[in-house]
Structures are given as structure tokens and as C-alpha cells.
Number of protein chains: 2
Amino acid sequence: MYYPAMLVNGTHYRTVWLEGQVVKMINQPLIPHDFKIHLCMNHKETAVAISTMIIRGAGAIGAAAGYGLAQAALEAPEDDFSAYVKDAFETIKNTRPTAQNLFYALERVNKAILRSSSPETARQNGVNEAEAIADEDAASCKRIGELGEALIKDGFRILTHCNAGWLAFVDWGSAISPVYSAKRSGKKVFVWVDETRPRCQGARLTAWELLEEGVDNAVIADNASGYYMHKGEVDMVIVGSDRIAANGDVANKIGTYEKAVLAKENNIPFYVAAPTSTIDWNCPTGESIPIEERGEEEVLGIFGRDENNEVRRVFITPRGTKARNPAFDVTPAGYITGIITEKGIIKPGELRKAKENVK
Amino acid sequence: MYYPAMLVNGTHYRTVWLEGQVVKMINQPLIPHDFKIHLCMNHKETAVAISTMIIRGAGAIGAAAGYGLAQAALEAPEDDFSAYVKDAFETIKNTRPTAQNLFYALERVNKAILRSSSPETARQNGVNEAEAIADEDAASCKRIGELGEALIKDGFRILTHCNAGWLAFVDWGSAISPVYSAKRSGKKVFVWVDETRPRCQGARLTAWELLEEGVDNAVIADNASGYYMHKGEVDMVIVGSDRIAANGDVANKIGTYEKAVLAKENNIPFYVAAPTSTIDWNCPTGESIPIEERGEEEVLGIFGRDENNEVRRVFITPRGTKARNPAFDVTPAGYITGIITEKGIIKPGELRKAKENVK
């Protein structure tokens, strides 16, 4: 039986799916203040949804990109099929530079389309491949939960950064999946939730997931995680990843590097949880991973719910203030205790060696 | 000539001062959205202004506490003078547990009152002592700027956390004072401003000070400072302090410990700037410094200016979310390159040795 990670108001949702020619997804910027399904009527709307982060998170971006390219095949005119799909490939590819799962899914769906003998079969193959990617993502994340749970002892206090829960994937999640497994196995587990400025994916999304699932947790300012590590109140750290280089360097949400350095300084195990689709075998080290810099308005302001339940942005800084907004950073392999994949827990330095088993 | 650190709309302000029996202060939670002077009509209102952080920052809290006790002496009835002042001492003492300057100023003003032969002279002595503390704070901070400037090379990119600018003291500031000195000496200097969640003193106050003074800067999420350190774009870190233990351990705004660990990991000099009034000689190590935990609403929400220029709080997290909110952390002496005081730059491990020169 497929056991969904989480129900929303009694109904099981995946973060993204295809219905006919429409890509549907949970509108993530609205969470936790509202729960709405965002409709992308064509592949261009799907690309915009990825770039504006209506959908975000490694696996969820990948699945959306795969569906987007399948959607392009469904839209493409018979007499201009290949050029249309090629153009769509580029459009979707250029949405987020750091996310490996995006390129992984695009390549797979594109290959499925290219190997087809007619537009008709290409459409079916594209859709099938996109569905397979989404299904594999959900299954891999479930397995990551089972494998990662072995690391969690009863009573553990786990720190996580950003959101690598089920909202960041198709289902289950990566970093939070072991927590869900542990909870359902009856272990007592507590999660320190880094707020994760500037977009607050921890405070908004991870806190919401954990609250819905009944996992004991506390949101903290990103500044406070080192404090609790130093006090001995963090037993392990688990984060997700947007791209893993072949040498085990890991790109993830900005601030992950800080947490990794602090974990090492305080002798706390630091794990990265990610499906193998996040590994970029063509990327030798973290130096080669492009880091997306986003708009400064994300730092200058913040979205939230006001006293009248209206969701609005407020600005924190003086008018005229400049900001810098790198969305990711790279954590060198040396800070990482292990990478929890669906195929096993791998030491980052042994990733290359494990390649043949993992790939 | 007394050269004020900064003018506001063409007028020089100190952060706090006494006029007759009224303690006046810049209302800091309103900055940068509004500039208003908050009036405390009696010592109880001054105590509330300290505990609710209408005034905050090491030296500013100290000066306000000193003025508050002087104000109590001015208010105290002749027939119950000593008991009234003693009661006020306790009220003001219990506002903020971590801030050493608060205890320092209270003790000095209290001694000046106690050594007086009559309520009449006690009132005058109390006011004089409070004024002396404020003047010394401004002079010490100016000197910290001159001494600290020697560490700043032309073109330096300096990271700071929280606000230890002039708003945190009576004038000039501690961590930012060397930056002002460098700027006025014609050096090119750039400041990385940590946002400093949860109360955003960096994004609100430091950014405002630097903008007013014309110092080039960029606000970053607290998560991004490690990224820029690792990239080699930070030449030094300067922060303030709320209390320094005799062994050189330093309490400062939550997140300071993280920045210190990251600076050490990346071989970046990490300086603490503070007047000697911040040193607690009775406190052997950082372990003995009480860490204030503030209300969780500071983490769950944020204040800012909305599209209609209204300052309002928005909530980021789902309803029912719990948060933890330690306001300070302790950075062990081993991470600190030097402490910039008005009496010289001291290695934290040599603080005890320097005590006789410094005290």
C-alpha cells in the first residue's frame, strides 16, 4: 500500500501532478496562511511557477520540470513539434540554475520524447516518463525515511534548515522523511526548525508539516541554532540538498554551510538526505555549482499574516537600503557525516567509489 | 570640540538624556520607519522602556538605567527617600538580565546617592553621576573608534552583527565607531550588515545609521554571512558586547557565536568592541552570564512597514507554532582576536592581566 506522508484536511495531496494538459501544484508561498492549488495551463506557466517559487524544493522542482516538458509535448503542434519542445526545454531549464533535479528530470523526459517515432508516441512517452520521475521521487523519499530512521535514537533532538519535507518533494520529503518514519515507529523525536530567512521555508513550511503530523518542534531564529548546538541540545542535523557534486560537496539553502561548520565544531553528526537524482556526476566539486542570486526584496521584506488575516509583505529596512541575496551555499564534503540516499547512507568522500552502485 | 557621531535631520541627538525629571530617548522599535522621542515621566516608565526595548544596546541601556535611578532620587519623597530609591534600584535592575552596563550604571549612581548627606545632595549627586556615565560612554565610544580604525585598511569589507552603532550607546557606538572613524579619515569601507533576526537590529538600525552616514553597505540574511566569509569577501568582523567575563568570554546578541566560529574557520579576524564598563570582573567565565530568553512572538512574527506606510506586525508561522527565543549567546574567548576598548585593544586571554591598567 502507498502510505502518503501527510494528509491536508483529510485528503492526500502530492505537491505537483498532471491532469490532462494542466500541471497542478500546491501554492507554496501561501502556506501556512492559505492552502490553494495553483494551475499551470501550459508549459510557460509551469516555468513561471518554478522561477517564482510557487513550487520549490529539490524533488518538487524536478517533478514540475518533468511535467512541464511533457505538457509542452502535449501542446506542441504536429508540424513544429521538435522545435516547440526544444524551445520549451530551454525555457524550463533557465528557471533555477542551482537545482540539479530540474536538469535531471528535463533530460529524462526529453530523451523519452526524442526516442519516440511520432509526436503521438512522444506525447505518451513524455507523460509516462514524467509520471515515473514523480513516482520514483516519492518512493525514494519513503526509502530515505526508512534508512535514515536507523540513525535516530529515541528522544533525539534534530535540527533542520529550510524545508526538505514532503512539500519539497513529491511526497514524504528527504531530510524530514526519517523524522516521519521515526514518529510513526513510536520514537520520541523533537525538531529544531531554523526559520530560514529570507523566504522562511522553515518557519512557514517545515513548521506547518510538523504541526500537521504532530511532531514536537520549536521554530528558532537562524542565529540560535549554534547556541543550542553549543549547549548540547542538538543530537543531529539533517538537511536536504539542491545539488551534490561528485566529490560529495553539497549545495543547499543559504545558511546550510554555517550549520555544518557549527555542527562539526560541536561534534554533532551532520547528515544530508537526498535521492540519488540530486547527485550531479558531471560536477566535479562544489566550486562548479552555480549559485543563484535572487532579488533583494526577499531580504528587505517579509510576507506574513497581519492581525486581519491578510497576507501581506512588510519592509524591514530603511528606504534605499541595498541587500544581497544568495539563495544557496556549498557545504564542503569534509563537514558532512553522511548522505542518506534511497540506495544507502554514503560517506561523502566515498561517493565516487559508490557511483556504480548508486547510479 | 565634541563631534557628534550622527545628525538626524540636521540635529544632533544622543540616544537618551535627562531633562528635568523626564528621561527622553529615541524610540528604537520605530526606526527606520519613524523617528520619535519617547518620554519616561518617572523611573517606572524608564524601567518599562528598558524591558520592552524602546531603548536597547549595551551603553544606551546603561545610560538609561543611570538616568532612571537619578530620576527615582528626584521623585523620592523626603520622608521615605532611601526605601524609595532602593525599590527603584531593584525595579530597574530586573529589566534585562544580561546587560552588564545596566548593573554598572546602577551601582555607580546608587553609590553616589548613598554617599550623600541629604536627599537634596543625593539628588544632585545622582544626576551628576548619571550624566558622567553618559558622557564617559560617548567619549569611550569615540576613542574606540580612533583605536579600532587602525585595524581597518583602505577597501576593507567589514561584517557586523546586530547594532552596536551609536543607537546602542549614547553616541558613536562601539563596533561601528571604527567604521565611522575610517570613513571620516577618507578610507573606503564597506559593511556587511547581518539582518539579525528576530528583532532585526541590523536590518533596521545599523542599516539606517550607515545609510545616514553614507557608508556603503548591504544587508544580508544572517544565513549568508558564512557564505561571504567562505568566498573571501569579508576582511574582518566587528561586533559589540552586552557583557564580557573576566576570562574574555563575550555575551552578545544571539548569532554572534555562529559568526565567531565561522570567522575562525575562515581565518578572518574577529573583534569585539566595547567600553570597559561592559567588563564584568566578578564574572569568571561566560558560563556564569545569565542569558535572557524573550517572548516567542518575536520569532513568530516581525514588524515592518506595509505598502501604505503603516508599521505593523505580520506572523510568519502557522497558528499554534512554538518558538524559542534566546536573546544572547556566549562566544568563548578562543574565537576572539581582540577586544577594542577605550583603553586599548586587548587579547581576550590577557584581559585578567590587563585588569589593573583597564579597571
# chains A, B, ... in the order shown; residues from 1 in each chain; ligands from 1
$ closest_atom_pairs --of "chain B" --to "chain A" --cutoff "8 Å" --atoms "only C-alpha atoms" --output "tab-separated table"
residue	atom	partner	partner_atom	distance
B:Pro32	CA	A:Pro318	CA	5.2
B:His33	CA	A:Pro318	CA	6.8
B:Thr196	CA	A:Asn223	CA	7.4
B:Arg197	CA	A:Ala221	CA	5.9
B:Pro198	CA	A:Ala221	CA	6.0
B:Cys200	CA	A:Ile316	CA	7.7
B:Ala203	CA	A:Thr317	CA	5.2
B:Arg204	CA	A:Thr317	CA	4.9
B:Ala207	CA	A:Thr321	CA	6.9
B:Trp208	CA	A:Pro318	CA	5.9
B:Leu211	CA	A:Thr321	CA	7.2
B:Asn217	CA	A:Lys322	CA	7.0
B:Ala218	CA	A:Ala323	CA	4.6
B:Val219	CA	A:Ala323	CA	4.5
B:Ile220	CA	A:Arg324	CA	5.6
B:Ala221	CA	A:Arg197	CA	5.9
B:Asp222	CA	A:Asn223	CA	6.8
B:Asn223	CA	A:Gly255	CA	4.0
B:Ala224	CA	A:Gly255	CA	5.9
B:Gly226	CA	A:Glu258	CA	5.6
B:Tyr227	CA	A:Asp329	CA	6.1
B:Ile254	CA	A:Asn223	CA	5.8
B:Gly255	CA	A:Asn223	CA	4.0
B:Thr256	CA	A:Asn223	CA	7.8
B:Tyr257	CA	A:Gly226	CA	6.9
B:Glu258	CA	A:Gly226	CA	5.6
B:Val261	CA	A:Leu262	CA	7.0
B:Leu262	CA	A:Glu258	CA	7.0
B:Glu265	CA	A:Val261	CA	7.8
B:Val299	CA	A:Ala221	CA	6.4
B:Leu300	CA	A:Val219	CA	7.8
B:Gly301	CA	A:Gly304	CA	7.7
B:Phe303	CA	A:Ile316	CA	6.9
B:Gly304	CA	A:Ile316	CA	4.7
B:Arg305	CA	A:Val314	CA	5.0
B:Asp306	CA	A:Val314	CA	4.5
B:Glu307	CA	A:Val314	CA	7.2
B:Arg312	CA	A:Asp306	CA	7.5
B:Arg313	CA	A:Asp306	CA	6.3
B:Val314	CA	A:Asp306	CA	4.4
B:Phe315	CA	A:Gly304	CA	4.9
B:Ile316	CA	A:Gly304	CA	4.7
B:Thr317	CA	A:Arg204	CA	4.9
B:Pro318	CA	A:Pro32	CA	5.2
B:Gly320	CA	A:Leu211	CA	8.0
B:Thr321	CA	A:Ala207	CA	6.9
B:Lys322	CA	A:Ala218	CA	5.0
B:Ala323	CA	A:Val219	CA	4.5
B:Arg324	CA	A:Ile220	CA	5.6
B:Asn325	CA	A:Ile220	CA	6.6
B:Pro326	CA	A:Ala224	CA	7.0
B:Asp329	CA	A:Tyr227	CA	6.1
$ residues_around --residues "B:Ile339" --least-positions-apart "4" --cutoff "9 Å" --atoms "only C-alpha atoms" --output "JSON list (two decimals) with N, CA, C and O atoms, in the first residue's frame"
[["chain", "number", "residue", "atom", "x", "y", "z"],
["B", 248, "GLY", "N", 37.53, 36.72, 29.25],
["B", 248, "GLY", "CA", 37.45, 37.14, 27.86],
["B", 248, "GLY", "C", 36.30, 36.52, 27.07],
["B", 248, "GLY", "O", 36.15, 36.81, 25.88],
["B", 271, "TYR", "N", 36.76, 40.76, 15.96],
["B", 271, "TYR", "CA", 36.95, 41.72, 17.05],
["B", 271, "TYR", "C", 35.63, 42.02, 17.76],
["B", 271, "TYR", "O", 34.57, 42.09, 17.14],
["B", 272, "VAL", "N", 35.76, 42.22, 19.06],
["B", 272, "VAL", "CA", 34.66, 42.71, 19.88],
["B", 272, "VAL", "C", 35.02, 44.13, 20.30],
["B", 272, "VAL", "O", 36.14, 44.36, 20.74],
["B", 273, "ALA", "N", 34.09, 45.06, 20.11],
["B", 273, "ALA", "CA", 34.35, 46.45, 20.52],
["B", 273, "ALA", "C", 33.41, 46.81, 21.65],
["B", 273, "ALA", "O", 32.19, 46.66, 21.52],
["B", 274, "ALA", "N", 33.97, 47.24, 22.77],
["B", 274, "ALA", "CA", 33.14, 47.55, 23.94],
["B", 274, "ALA", "C", 33.91, 48.43, 24.91],
["B", 274, "ALA", "O", 35.11, 48.22, 25.11],
["B", 344, "GLY", "N", 42.53, 50.59, 24.94],
["B", 344, "GLY", "CA", 43.46, 49.80, 24.13],
["B", 344, "GLY", "C", 42.79, 48.54, 23.60],
["B", 344, "GLY", "O", 41.68, 48.19, 24.02],
["B", 345, "ILE", "N", 43.49, 47.88, 22.68],
["B", 345, "ILE", "CA", 42.99, 46.64, 22.11],
["B", 345, "ILE", "C", 43.65, 45.49, 22.86],
["B", 345, "ILE", "O", 44.88, 45.38, 22.90],
["B", 346, "ILE", "N", 42.82, 44.67, 23.49],
["B", 346, "ILE", "CA", 43.32, 43.66, 24.41],
["B", 346, "ILE", "C", 42.98, 42.28, 23.87],
["B", 346, "ILE", "O", 41.86, 42.04, 23.43],
["B", 347, "LYS", "N", 43.96, 41.36, 23.93],
["B", 347, "LYS", "CA", 43.63, 39.97, 23.59],
["B", 347, "LYS", "C", 42.77, 39.41, 24.73],
["B", 347, "LYS", "O", 43.08, 39.65, 25.90],
["B", 348, "PRO", "N", 41.71, 38.68, 24.40],
["B", 348, "PRO", "CA", 40.79, 38.27, 25.46],
["B", 348, "PRO", "C", 41.47, 37.45, 26.56],
["B", 348, "PRO", "O", 41.14, 37.60, 27.74],
["B", 351, "LEU", "N", 43.00, 39.59, 29.33],
["B", 351, "LEU", "CA", 42.12, 40.56, 29.99],
["B", 351, "LEU", "C", 42.44, 40.64, 31.48],
["B", 351, "LEU", "O", 42.57, 41.72, 32.04]]
$ residues_around --residues "B:Ser288" --least-positions-apart "5" --cutoff "12 Å" --atoms "only C-alpha atoms" --output "PyMOL selection string"
chain B and resi 97-98+243-247+249-251+280-283+329-330
$ write_last_selection --atoms "N, CA, C and O atoms" --output "JSON list (two decimals), in the first residue's frame"
[["chain", "number", "residue", "atom", "x", "y", "z"],
["B", 97, "PRO", "N", 18.45, 40.90, 32.15],
["B", 97, "PRO", "CA", 19.42, 40.17, 32.98],
["B", 97, "PRO", "C", 20.84, 40.11, 32.44],
["B", 97, "PRO", "O", 21.78, 39.91, 33.20],
["B", 98, "THR", "N", 21.03, 40.27, 31.12],
["B", 98, "THR", "CA", 22.35, 40.02, 30.54],
["B", 98, "THR", "C", 23.23, 41.27, 30.49],
["B", 98, "THR", "O", 24.45, 41.19, 30.58],
["B", 243, "ARG", "N", 28.04, 41.80, 27.70],
["B", 243, "ARG", "CA", 28.80, 41.52, 28.92],
["B", 243, "ARG", "C", 30.05, 40.73, 28.56],
["B", 243, "ARG", "O", 29.98, 39.78, 27.78],
["B", 244, "ILE", "N", 31.15, 41.13, 29.15],
["B", 244, "ILE", "CA", 32.41, 40.42, 28.94],
["B", 244, "ILE", "C", 32.86, 39.84, 30.27],
["B", 244, "ILE", "O", 32.97, 40.56, 31.26],
["B", 245, "ALA", "N", 33.08, 38.51, 30.29],
["B", 245, "ALA", "CA", 33.55, 37.86, 31.52],
["B", 245, "ALA", "C", 35.05, 38.11, 31.69],
["B", 245, "ALA", "O", 35.75, 38.48, 30.74],
["B", 246, "ALA", "N", 35.54, 37.89, 32.90],
["B", 246, "ALA", "CA", 36.94, 38.20, 33.22],
["B", 246, "ALA", "C", 37.93, 37.35, 32.41],
["B", 246, "ALA", "O", 39.08, 37.75, 32.21],
["B", 247, "ASN", "N", 37.47, 36.21, 31.92],
["B", 247, "ASN", "CA", 38.37, 35.37, 31.10],
["B", 247, "ASN", "C", 38.30, 35.71, 29.61],
["B", 247, "ASN", "O", 38.92, 35.03, 28.80],
["B", 249, "ASP", "N", 35.50, 35.66, 27.69],
["B", 249, "ASP", "CA", 34.28, 35.19, 27.03],
["B", 249, "ASP", "C", 33.32, 36.38, 26.88],
["B", 249, "ASP", "O", 33.24, 37.23, 27.76],
["B", 250, "VAL", "N", 32.59, 36.40, 25.77],
["B", 250, "VAL", "CA", 31.79, 37.58, 25.45],
["B", 250, "VAL", "C", 30.34, 37.21, 25.18],
["B", 250, "VAL", "O", 30.04, 36.39, 24.30],
["B", 251, "ALA", "N", 29.43, 37.81, 25.92],
["B", 251, "ALA", "CA", 28.00, 37.67, 25.61],
["B", 251, "ALA", "C", 27.62, 38.79, 24.65],
["B", 251, "ALA", "O", 27.99, 39.94, 24.84],
["B", 280, "ASP", "N", 32.58, 42.52, 33.17],
["B", 280, "ASP", "CA", 32.10, 42.14, 34.49],
["B", 280, "ASP", "C", 33.21, 41.36, 35.19],
["B", 280, "ASP", "O", 33.35, 40.16, 35.01],
["B", 281, "TRP", "N", 33.99, 42.07, 36.00],
["B", 281, "TRP", "CA", 35.16, 41.45, 36.64],
["B", 281, "TRP", "C", 34.76, 40.38, 37.64],
["B", 281, "TRP", "O", 35.57, 39.52, 37.99],
["B", 282, "ASN", "N", 33.50, 40.43, 38.08],
["B", 282, "ASN", "CA", 33.04, 39.42, 39.04],
["B", 282, "ASN", "C", 32.55, 38.14, 38.36],
["B", 282, "ASN", "O", 32.15, 37.20, 39.03],
["B", 283, "CYS", "N", 32.55, 38.17, 37.05],
["B", 283, "CYS", "CA", 32.04, 37.03, 36.31],
["B", 283, "CYS", "C", 33.24, 36.25, 35.77],
["B", 283, "CYS", "O", 33.94, 36.73, 34.89],
["B", 329, "ASP", "N", 24.00, 35.01, 23.11],
["B", 329, "ASP", "CA", 24.80, 33.80, 23.26],
["B", 329, "ASP", "C", 26.17, 34.21, 23.77],
["B", 329, "ASP", "O", 26.49, 35.40, 23.87],
["B", 330, "VAL", "N", 26.97, 33.22, 24.12],
["B", 330, "VAL", "CA", 28.32, 33.49, 24.64],
["B", 330, "VAL", "C", 29.34, 32.98, 23.63],
["B", 330, "VAL", "O", 29.28, 31.83, 23.20]]
$ residues_around --residues "B:Ala105" --least-positions-apart "2" --cutoff "8 Å" --atoms "only C-alpha atoms" --output "PDB file with N, CA, C and O atoms, in the first residue's frame"
ATOM      1  N   GLY B  62      22.723  51.159  29.739  1.00  0.00           N
ATOM      2  CA  GLY B  62      23.433  51.635  30.917  1.00  0.00           C
ATOM      3  C   GLY B  62      23.085  53.079  31.244  1.00  0.00           C
ATOM      4  O   GLY B  62      22.719  53.403  32.380  1.00  0.00           O
ATOM      5  N   ALA B  63      23.161  53.932  30.244  1.00  0.00           N
ATOM      6  CA  ALA B  63      22.861  55.353  30.473  1.00  0.00           C
ATOM      7  C   ALA B  63      21.417  55.528  30.926  1.00  0.00           C
ATOM      8  O   ALA B  63      21.131  56.305  31.855  1.00  0.00           O
ATOM      9  N   ALA B  65      19.552  53.364  32.488  1.00  0.00           N
ATOM     10  CA  ALA B  65      19.413  52.863  33.861  1.00  0.00           C
ATOM     11  C   ALA B  65      19.943  53.889  34.863  1.00  0.00           C
ATOM     12  O   ALA B  65      19.336  54.136  35.909  1.00  0.00           O
ATOM     13  N   GLY B  66      21.086  54.491  34.544  1.00  0.00           N
ATOM     14  CA  GLY B  66      21.654  55.521  35.417  1.00  0.00           C
ATOM     15  C   GLY B  66      20.699  56.703  35.567  1.00  0.00           C
ATOM     16  O   GLY B  66      20.414  57.163  36.681  1.00  0.00           O
ATOM     17  N   ASN B 101      26.230  46.751  31.375  1.00  0.00           N
ATOM     18  CA  ASN B 101      26.259  48.209  31.550  1.00  0.00           C
ATOM     19  C   ASN B 101      25.114  48.695  32.433  1.00  0.00           C
ATOM     20  O   ASN B 101      25.227  49.720  33.102  1.00  0.00           O
ATOM     21  N   LEU B 102      24.020  47.956  32.431  1.00  0.00           N
ATOM     22  CA  LEU B 102      22.896  48.311  33.288  1.00  0.00           C
ATOM     23  C   LEU B 102      23.307  48.232  34.759  1.00  0.00           C
ATOM     24  O   LEU B 102      23.093  49.172  35.533  1.00  0.00           O
ATOM     25  N   PHE B 103      23.957  47.134  35.144  1.00  0.00           N
ATOM     26  CA  PHE B 103      24.366  46.957  36.546  1.00  0.00           C
ATOM     27  C   PHE B 103      25.481  47.946  36.914  1.00  0.00           C
ATOM     28  O   PHE B 103      25.498  48.503  38.004  1.00  0.00           O
ATOM     29  N   GLU B 107      24.967  50.687  39.859  1.00  0.00           N
ATOM     30  CA  GLU B 107      25.860  50.671  41.018  1.00  0.00           C
ATOM     31  C   GLU B 107      26.503  52.038  41.227  1.00  0.00           C
ATOM     32  O   GLU B 107      26.580  52.533  42.350  1.00  0.00           O
ATOM     33  N   ARG B 108      26.956  52.633  40.134  1.00  0.00           N
ATOM     34  CA  ARG B 108      27.631  53.931  40.268  1.00  0.00           C
ATOM     35  C   ARG B 108      26.682  55.011  40.764  1.00  0.00           C
ATOM     36  O   ARG B 108      27.024  55.779  41.669  1.00  0.00           O
ATOM     37  N   VAL B 109      25.502  55.074  40.172  1.00  0.00           N
ATOM     38  CA  VAL B 109      24.550  56.117  40.598  1.00  0.00           C
ATOM     39  C   VAL B 109      24.099  55.848  42.036  1.00  0.00           C
ATOM     40  O   VAL B 109      23.965  56.774  42.849  1.00  0.00           O
ATOM     41  N   ALA B 130      24.916  60.146  36.830  1.00  0.00           N
ATOM     42  CA  ALA B 130      24.264  59.622  35.621  1.00  0.00           C
ATOM     43  C   ALA B 130      24.768  60.369  34.387  1.00  0.00           C
ATOM     44  O   ALA B 130      25.037  59.766  33.344  1.00  0.00           O
ATOM     45  N   ILE B 133      28.263  59.183  33.558  1.00  0.00           N
ATOM     46  CA  ILE B 133      28.249  57.870  32.889  1.00  0.00           C
ATOM     47  C   ILE B 133      27.942  58.042  31.405  1.00  0.00           C
ATOM     48  O   ILE B 133      28.603  57.445  30.547  1.00  0.00           O
TER      49      ILE B 133
END
$ residues_around --residues "A:Gly20" --least-positions-apart "6" --cutoff "12 Å" --atoms "only C-alpha atoms" --output "list in words"
Leu39, Cys40, Met41, Asn42, Tyr67, Ala70, Gln71, Leu74, Glu75, Arg123, Gln124 and Val127 of chain A
$ select_by_dssp --residues "stretch 102-225 of chain A" --states "helix (DSSP H, G or I)" --output "PyMOL selection string"
chain A and resi 102-114+119-149+166-168+177-184+201-213+222-225
$ residues_around --residues "A:Asn125" --least-positions-apart "5" --cutoff "8 Å" --atoms "only C-alpha atoms" --output "ChimeraX atom specification"
/A:109,112-113,116
$ write_last_selection --atoms "N, CA, C and O atoms" --output "CSV table (one decimal), in the first residue's frame"
chain,number,residue,atom,x,y,z
A,109,VAL,N,12.9,13.3,-19.5
A,109,VAL,CA,11.7,13.4,-20.3
A,109,VAL,C,12.0,13.8,-21.7
A,109,VAL,O,11.4,13.3,-22.7
A,112,ALA,N,13.0,10.7,-23.5
A,112,ALA,CA,11.8,9.8,-23.8
A,112,ALA,C,11.1,10.4,-25.0
A,112,ALA,O,10.6,9.6,-25.8
A,113,ILE,N,11.1,11.7,-25.1
A,113,ILE,CA,10.4,12.3,-26.3
A,113,ILE,C,11.2,12.1,-27.6
A,113,ILE,O,10.7,11.7,-28.6
A,116,SER,N,11.1,8.8,-29.5
A,116,SER,CA,9.7,8.4,-30.0
A,116,SER,C,9.7,8.5,-31.5
A,116,SER,O,10.3,9.4,-32.1
$ residues_around --residues "stretch 78-90 of chain A" --least-positions-apart "5" --cutoff "8 Å" --atoms "only C-alpha atoms" --output "count of residues only"
8
$ select_by_dssp --residues "stretch 130-351 of chain A" --states "strand (DSSP E)" --output "NGL selection string"
:A and (156-160 or 189-194 or 216-220 or 236-239 or 243-245 or 250-253 or 270-273 or 279-280 or 301-305 or 311-315 or 328-331 or 338-341 or 344-346)
